[in-house]
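Shown next: input-v3.csv, given as CSV, C-alpha atoms.
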```csv
chain,number,residue,atom,x,y,z
A,29,MET,CA,160.4,263.8,32.0
A,30,ASN,CA,163.8,262.1,32.3
A,31,LEU,CA,163.9,263.0,36.0
A,32,ASN,CA,160.6,261.3,36.7
A,33,ARG,CA,161.6,258.3,34.8
A,34,LEU,CA,164.9,258.1,36.7
A,35,LYS,CA,162.9,258.4,40.0
A,36,ASN,CA,160.6,255.5,39.0
A,37,ILE,CA,163.5,253.3,38.1
A,38,ILE,CA,165.3,254.0,41.4
A,39,ALA,CA,162.0,253.4,43.3
A,40,ILE,CA,161.5,250.0,41.5
A,41,ALA,CA,165.2,249.0,42.2
A,42,VAL,CA,164.9,249.9,45.9
A,43,LEU,CA,161.6,248.0,46.2
A,44,GLY,CA,163.2,245.0,44.5
A,45,ILE,CA,166.1,245.0,46.9
A,46,ALA,CA,163.8,245.4,49.9
A,47,ILE,CA,161.6,242.4,48.7
A,48,THR,CA,164.6,240.1,48.0
A,49,SER,CA,166.3,241.0,51.3
A,50,CYS,CA,163.1,239.9,53.2
A,51,ALA,CA,162.7,236.7,51.2
A,52,ARG,CA,162.8,233.3,53.0
A,53,GLN,CA,166.1,231.6,53.1
A,54,VAL,CA,166.5,227.9,53.5
A,55,LYS,CA,169.7,226.2,54.6
A,56,ARG,CA,170.3,222.5,55.0
A,57,ILE,CA,171.6,221.4,58.3
A,58,SER,CA,172.7,218.1,59.9
A,59,THR,CA,169.9,216.1,61.5
A,60,GLU,CA,172.4,215.3,64.3
A,61,SER,CA,172.5,218.9,65.3
A,62,ALA,CA,169.0,220.1,64.6
A,63,PRO,CA,168.4,223.4,66.5
A,64,ASP,CA,165.5,223.6,68.9
A,65,ILE,CA,163.5,226.5,67.6
A,66,SER,CA,160.1,226.2,69.1
A,67,GLY,CA,160.8,224.3,72.3
A,68,ASN,CA,158.3,221.6,71.1
A,69,TRP,CA,159.1,217.9,70.9
A,70,ASN,CA,161.4,217.4,67.9
A,71,VAL,CA,163.5,214.9,66.1
A,72,THR,CA,166.4,215.1,68.5
A,73,ASP,CA,164.1,214.4,71.5
A,74,SER,CA,162.7,211.4,69.7
A,75,ARG,CA,166.1,210.0,68.9
A,76,ILE,CA,167.5,210.6,72.4
A,77,VAL,CA,164.5,208.9,74.1
A,78,ALA,CA,164.5,206.0,71.7
A,79,VAL,CA,168.2,205.2,72.2
A,80,GLU,CA,168.1,205.6,76.0
A,81,MET,CA,164.9,203.5,76.3
A,82,THR,CA,166.3,200.6,74.2
A,83,LYS,CA,169.6,200.7,76.1
A,84,SER,CA,167.7,200.4,79.3
A,85,ILE,CA,165.5,197.6,78.0
A,86,THR,CA,168.4,195.6,76.7
A,87,SER,CA,170.5,196.0,79.8
A,88,SER,CA,167.8,195.0,82.3
A,89,LYS,CA,167.5,191.6,84.1
A,90,TRP,CA,164.5,190.3,82.1
A,91,LEU,CA,166.8,189.8,79.1
A,92,SER,CA,169.3,187.6,80.9
A,93,THR,CA,166.4,185.7,82.4
A,94,HIS,CA,165.0,185.1,78.9
A,95,LEU,CA,168.3,184.1,77.4
A,96,GLU,CA,168.9,181.6,80.2
A,97,ALA,CA,165.4,180.1,79.9
A,98,LYS,CA,165.5,179.9,76.1
A,99,ALA,CA,169.1,178.5,75.8
A,100,GLY,CA,170.5,181.8,74.5
A,101,LYS,CA,167.8,182.4,71.8
A,102,LYS,CA,167.3,186.2,71.4
A,103,PRO,CA,163.8,187.4,72.4
A,104,THR,CA,161.5,188.7,69.6
A,105,ILE,CA,159.9,192.0,70.2
A,106,ILE,CA,157.1,193.9,68.5
A,107,VAL,CA,156.7,197.6,69.1
A,108,GLY,CA,153.0,198.2,69.7
A,109,LEU,CA,151.0,201.3,70.3
A,110,VAL,CA,152.6,204.5,71.6
A,111,GLN,CA,150.0,207.0,72.5
A,112,ASN,CA,150.5,210.8,72.3
A,113,LYS,CA,148.9,212.2,75.4
A,114,SER,CA,150.9,215.4,75.3
A,115,HIS,CA,149.6,218.9,74.8
A,116,GLU,CA,151.0,219.1,71.3
A,117,HIS,CA,150.8,217.2,68.0
A,118,ILE,CA,153.6,214.5,68.1
A,119,ASP,CA,153.8,211.9,65.3
A,120,ALA,CA,154.2,208.8,67.5
A,121,GLU,CA,155.0,206.7,64.4
A,122,THR,CA,158.3,208.6,64.0
A,123,PHE,CA,159.2,207.8,67.6
A,124,VAL,CA,158.2,204.1,67.1
A,125,LYS,CA,160.6,204.0,64.0
A,126,ASP,CA,163.4,205.5,66.1
A,127,VAL,CA,162.8,202.8,68.7
A,128,GLU,CA,162.8,200.0,66.1
A,129,GLN,CA,165.9,201.4,64.5
A,130,SER,CA,167.7,201.5,67.9
A,131,PHE,CA,166.7,197.9,68.6
A,132,LEU,CA,168.2,196.8,65.3
A,133,GLN,CA,171.4,198.7,65.8
A,134,ASN,CA,171.7,197.3,69.4
A,135,GLY,CA,171.3,193.7,68.2
A,136,ALA,CA,170.3,192.2,71.5
A,137,VAL,CA,166.7,191.4,70.4
A,138,ARG,CA,164.9,190.3,67.2
A,139,LEU,CA,162.2,192.6,65.8
A,140,VAL,CA,159.0,191.8,64.0
A,141,GLN,CA,156.6,194.0,62.1
A,142,GLY,CA,153.3,194.9,63.7
A,143,GLY,CA,150.1,196.8,62.8
A,144,LYS,CA,149.4,197.9,59.2
A,145,LYS,CA,152.8,196.8,58.0
A,146,ARG,CA,152.2,193.3,59.2
A,147,GLU,CA,148.8,193.3,57.4
A,148,GLU,CA,150.5,194.5,54.2
A,149,LEU,CA,153.0,191.7,54.4
A,150,ARG,CA,150.1,189.2,54.9
A,151,ALA,CA,148.3,190.6,51.9
A,152,GLU,CA,151.5,190.2,49.8
A,153,LYS,CA,151.7,186.5,50.9
A,154,ALA,CA,148.1,186.1,49.9
A,155,ASP,CA,148.8,187.6,46.5
A,156,GLN,CA,151.8,185.3,46.0
A,157,GLN,CA,149.6,182.2,46.6
A,158,ASP,CA,147.9,182.9,43.2
A,159,ASN,CA,150.6,184.8,41.3
A,160,SER,CA,154.0,183.4,42.2
A,161,THR,CA,155.8,180.3,41.2
A,162,VAL,CA,155.7,177.5,43.8
A,163,SER,CA,159.5,177.7,44.4
A,164,THR,CA,159.4,181.5,45.2
A,165,MET,CA,156.0,181.7,46.9
A,166,LYS,CA,156.1,182.6,50.6
A,167,LYS,CA,153.9,180.4,52.8
A,168,PHE,CA,151.4,181.3,55.5
A,169,GLY,CA,152.1,180.2,59.0
A,170,MET,CA,155.8,180.8,58.9
A,171,GLU,CA,156.0,184.2,60.7
A,172,ASN,CA,158.1,184.6,63.8
A,173,GLY,CA,155.8,185.2,66.7
A,174,ALA,CA,156.7,188.0,69.1
A,175,ASP,CA,157.7,187.0,72.7
A,176,TYR,CA,157.2,190.5,74.0
A,177,ILE,CA,155.3,193.7,73.1
A,178,LEU,CA,156.6,197.2,73.9
A,179,GLN,CA,153.9,199.8,74.5
A,180,GLY,CA,153.8,203.3,75.9
A,181,SER,CA,152.8,206.9,75.9
A,182,ILE,CA,154.3,210.4,75.5
A,183,ASN,CA,153.0,212.8,78.1
A,184,SER,CA,153.7,216.5,78.8
A,185,ILE,CA,153.1,219.2,81.4
A,186,VAL,CA,153.4,222.9,80.6
A,187,ASP,CA,154.1,225.5,83.2
A,188,SER,CA,154.1,229.1,81.9
A,189,HIS,CA,154.1,232.7,83.2
A,190,LYS,CA,154.1,235.7,80.9
A,191,ARG,CA,157.0,235.1,78.4
A,192,ASN,CA,158.5,232.1,80.1
A,193,LYS,CA,157.5,228.5,80.0
A,194,VAL,CA,158.8,225.2,81.0
A,195,VAL,CA,157.7,222.1,79.1
A,196,TYR,CA,158.2,218.8,80.8
A,197,TYR,CA,157.9,215.6,78.6
A,198,GLN,CA,157.8,212.1,80.0
A,199,VAL,CA,157.8,209.0,77.9
A,200,ASN,CA,156.6,205.9,79.7
A,201,MET,CA,157.2,202.4,78.2
A,202,GLU,CA,156.3,198.9,79.3
A,203,LEU,CA,157.5,195.6,78.0
A,204,THR,CA,155.1,192.7,78.4
A,205,ASP,CA,155.5,189.0,77.9
A,206,ILE,CA,152.8,188.2,75.3
A,207,GLN,CA,152.3,184.6,76.6
A,208,THR,CA,151.8,185.4,80.2
A,209,ASN,CA,150.8,189.1,80.2
A,210,GLU,CA,153.6,189.6,82.8
A,211,VAL,CA,155.2,193.0,82.7
A,212,VAL,CA,158.9,192.4,82.6
A,213,TRP,CA,160.2,195.9,82.2
A,214,ILE,CA,158.9,199.5,82.9
A,215,GLY,CA,160.9,202.6,82.1
A,216,ASP,CA,160.5,206.3,81.5
A,217,LYS,CA,162.6,209.1,80.1
A,218,ARG,CA,162.1,212.7,81.0
A,219,ILE,CA,163.0,215.8,79.0
A,220,THR,CA,162.6,219.4,80.4
A,221,LYS,CA,162.8,222.5,78.2
A,222,ALA,CA,162.9,226.1,79.3
A,223,VAL,CA,161.5,228.4,76.6
A,224,LYS,CA,161.5,232.2,76.7
A,225,ASN,CA,159.5,234.2,74.2
```
For the structure just supplied, provide its representation as structure tokens.
Amino acid sequence: MNLNRLKNIIAIAVLGIAITSCARQVKRISTESAPDISGNWNVTDSRIVAVEMTKSITSSKWLSTHLEAKAGKKPTIIVGLVQNKSHEHIDAETFVKDVEQSFLQNGAVRLVQGGKKREELRAEKADQQDNSTVSTMKKFGMENGADYILQGSINSIVDSHKRNKVVYYQVNMELTDIQTNEVVWIGDKRITKAVKN
């Protein structure tokens, strides 16, 4: 009887060790050095493209032309729609935020809110008309209008054979003068990844 009981205890202990050794382990890592596990578009790709795009935009001729025409006044940009036309799910809003952050860090242009966030700001102003004191109430018609809108798309091509694949991403962006509809800058950034399964 004692021998059977001892065998059961040993079996349970071995089973417990086996289960815990196969358990998921999570380790926090730096977002600056995020590993590329799947070969899909990731946070590093988004950040690299955003920084390089904004550098290209703010170092192009249109900016000096604008500054000269407007007596040194920085242009105001709104980041518009970026469409995901790639083969995988990419949250374009994350990329848009990386672009906006890069513009703010660069400091060469002014940035205004667009889309749903702008509508939320307008709703807040409307609420203040009825619920805030006159001295703190924000008025309608005082927004900074954008001079330019940045729009674009994220595209991809996949070439695969057996266990190997190459994923090619291309981000295309265009900066347009809102008053005249003149395209003042066009750029793209390409990333190619080789993945072996």
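Closest approach to Phe131 in chain A among A:Ala78, A:Ile118, A:Leu31, A:Val110 is made by A:Ala78 (distances from only C-alpha atoms).
Among the candidate residues A:Asn134, A:Gly44, A:Leu178, A:Glu171, the one lying nearest to Leu149 in chain A is A:Glu171, with distances computed using all atoms listed in the file.
Among the candidates A:Ser184, A:Ser84, A:Gln179, A:Ser74, the residue lying nearest to His115 in chain A is A:Ser184 (atoms considered: all atoms listed in the file).
Taking CA of Ile219 in chain A and CA of Lys190 in chain A as endpoints, the distance between them is 21.9 Å.
Atom to atom, CA of Ser87 in chain A and CA of Ala136 in chain A stand 9.1 Å apart.
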Problem - Residue nearest Tyr176 in chain A - candidates A:Lys217, A:His94, A:Lys193, A:Lys224, atoms counted: all atoms listed in the file - result: A:His94
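Nearest to Tyr197 in chain A of all the residues A:Gln156, A:Thr164, A:Ser58, A:Ser114 is A:Ser114, counting all atoms listed in the file.
Closest to Ala174 in chain A among A:Val137, A:Val211, A:Ile45, A:Ile206 is A:Ile206, based on only C-alpha atoms.
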Non-local contacts of Gln111 in chain A (7 Å; only C-alpha atoms; under 5 positions in same chain excluded) as an mmCIF file with C-alpha atoms, keeping the file's coordinate frame:
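After the write, out-v3.cif holds the following:
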```cif
data_model
loop_
_atom_site.group_PDB
_atom_site.id
_atom_site.type_symbol
_atom_site.label_atom_id
_atom_site.label_comp_id
_atom_site.auth_asym_id
_atom_site.auth_seq_id
_atom_site.Cartn_x
_atom_site.Cartn_y
_atom_site.Cartn_z
ATOM 1 C CA ALA A 120 154.200 208.800 67.500
ATOM 2 C CA GLY A 180 153.800 203.300 75.900
ATOM 3 C CA SER A 181 152.800 206.900 75.900
ATOM 4 C CA ILE A 182 154.300 210.400 75.500
#
```
